[in-house]
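Enquirer: Pasting a structure below so you can have a look.
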Amino acid sequence: MTSLAQLRAICRGDEAHTPAPLLVPAPAMLPTNERRRASPAVRLALACVAQALQDSPFSGESLRSVFATDEGTGEVCQQMLDALATTRQISPLLFPNSVQNAPSGYFSIAWRNRQPATVVSLGLESFASGLLCAVTEAVACREPVLLVVYDPVMTPPLNELLPVSESTSTAWVISSGTPGETVPVLGSFSMALEPAGAQTPTEFAAWLPASWAAHSSARALAALGLLEAGPDTDLRLPLGGQMLTLRRTEAAQT
């Protein structure tokens, strides 16, 4: 999986993205039975969460969470459709992974998290929707919120409807308050939701593979690209007939 340092290097043009099969291991933090049942989408989301929380002061047990995805189940959906078209029998081990909140549920099991969790899905606007939800919750509750955005690979023939040929995912911890001295801050941002008016969405980032244009979660990677941009650089994302604008307000810290 690509680290934040690698992502920033790609954004600067110091490195190039090289497509490669993504082999995500079964989440070690899950109990054995749940580990065997975890779908590729679940493994993708939890691996991203583990990477984000590694060496961080945040506890996965205590974080509120928002999960955002376009389709969300990837190949599990195709397997269920195949079963319905043939034997018409769905495996009881397969069905739990077909629901939209499966990765969120596995996250709660893996980190023994009993905090509120929200799952949103709004097509290409899923990241914008999830970001708005996470920021709103962070402001209202005055607590940090984990935002996980993911798009698992779609298998044929569903990839003709949703062309996701490489899995993409990001995980953020969002806080609305002044961080303590022990909390690392990658960057500070402002956000506004306004009528679209004459504003146009920001073009898909040139440093991201063009094949990712159908990934909602790639918009999250583009948002992380603001860490390499100057202050007051913004990212405009359409959301339900309005425009969500994310603007970096000060230099990133490491």
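Identifiers in the structure tokens: chain A, B, ... in order shown; residue index from 1 per chain; ligand index from 1 in order shown.
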Write out as number ranges by chain each polymer residue whose atoms come within 9 Å of stretch 211-218 of chain A, counting only C-alpha atoms; drop sequence neighbours fewer than 4 positions from it.

Expert: A: 68-70, 122-128, 149-151, 162-170, 204-205, 222-223

Enquirer: Against stretch 19-43 of chain A, which residues of stretch 65-164 of chain A fall within 7 Å? For each one I want the closest pair of atoms and the distance in Å (one decimal), counting only C-alpha atoms, rows by chain and increasing residue number, as JSON lines.

Expert:
```
{"residue": "A:Gly72", "atom": "CA", "partner": "A:Ala41", "partner_atom": "CA", "distance": 6.9}
{"residue": "A:Thr73", "atom": "CA", "partner": "A:Ala41", "partner_atom": "CA", "distance": 6.0}
{"residue": "A:Gly74", "atom": "CA", "partner": "A:Ala41", "partner_atom": "CA", "distance": 6.6}
{"residue": "A:Leu93", "atom": "CA", "partner": "A:Arg37", "partner_atom": "CA", "distance": 6.6}
{"residue": "A:Asn97", "atom": "CA", "partner": "A:Ser39", "partner_atom": "CA", "distance": 6.3}
{"residue": "A:Ala102", "atom": "CA", "partner": "A:Val42", "partner_atom": "CA", "distance": 6.9}
{"residue": "A:Pro103", "atom": "CA", "partner": "A:Val42", "partner_atom": "CA", "distance": 4.7}
{"residue": "A:Ile109", "atom": "CA", "partner": "A:Leu30", "partner_atom": "CA", "distance": 6.9}
{"residue": "A:Ala110", "atom": "CA", "partner": "A:Leu30", "partner_atom": "CA", "distance": 4.7}
{"residue": "A:Pro152", "atom": "CA", "partner": "A:Ala41", "partner_atom": "CA", "distance": 5.3}
```

Enquirer: I'd like to know which residues of stretch 29-219 of chain A are strand (DSSP E) (by DSSP, run on the backbone); could you write them as a PyMOL selection string?

Expert: chain A and resi 64-69+117-120+145-151+168-174+188-195

Enquirer: Quick one: residues within 7 Å of A:Thr202, only C-alpha atoms, excluding same-chain residues fewer than 5 positions away - as an MDAnalysis selection string?

Expert: chainID A and resid 235:237

Enquirer: Going by DSSP on the backbone, which residues of stretch 60-252 of chain A come out as helix (DSSP H, G or I)? List them as number ranges by chain.

Expert: A: 75-85, 95-98, 102-110, 126-141, 158-160, 210-214, 216-228
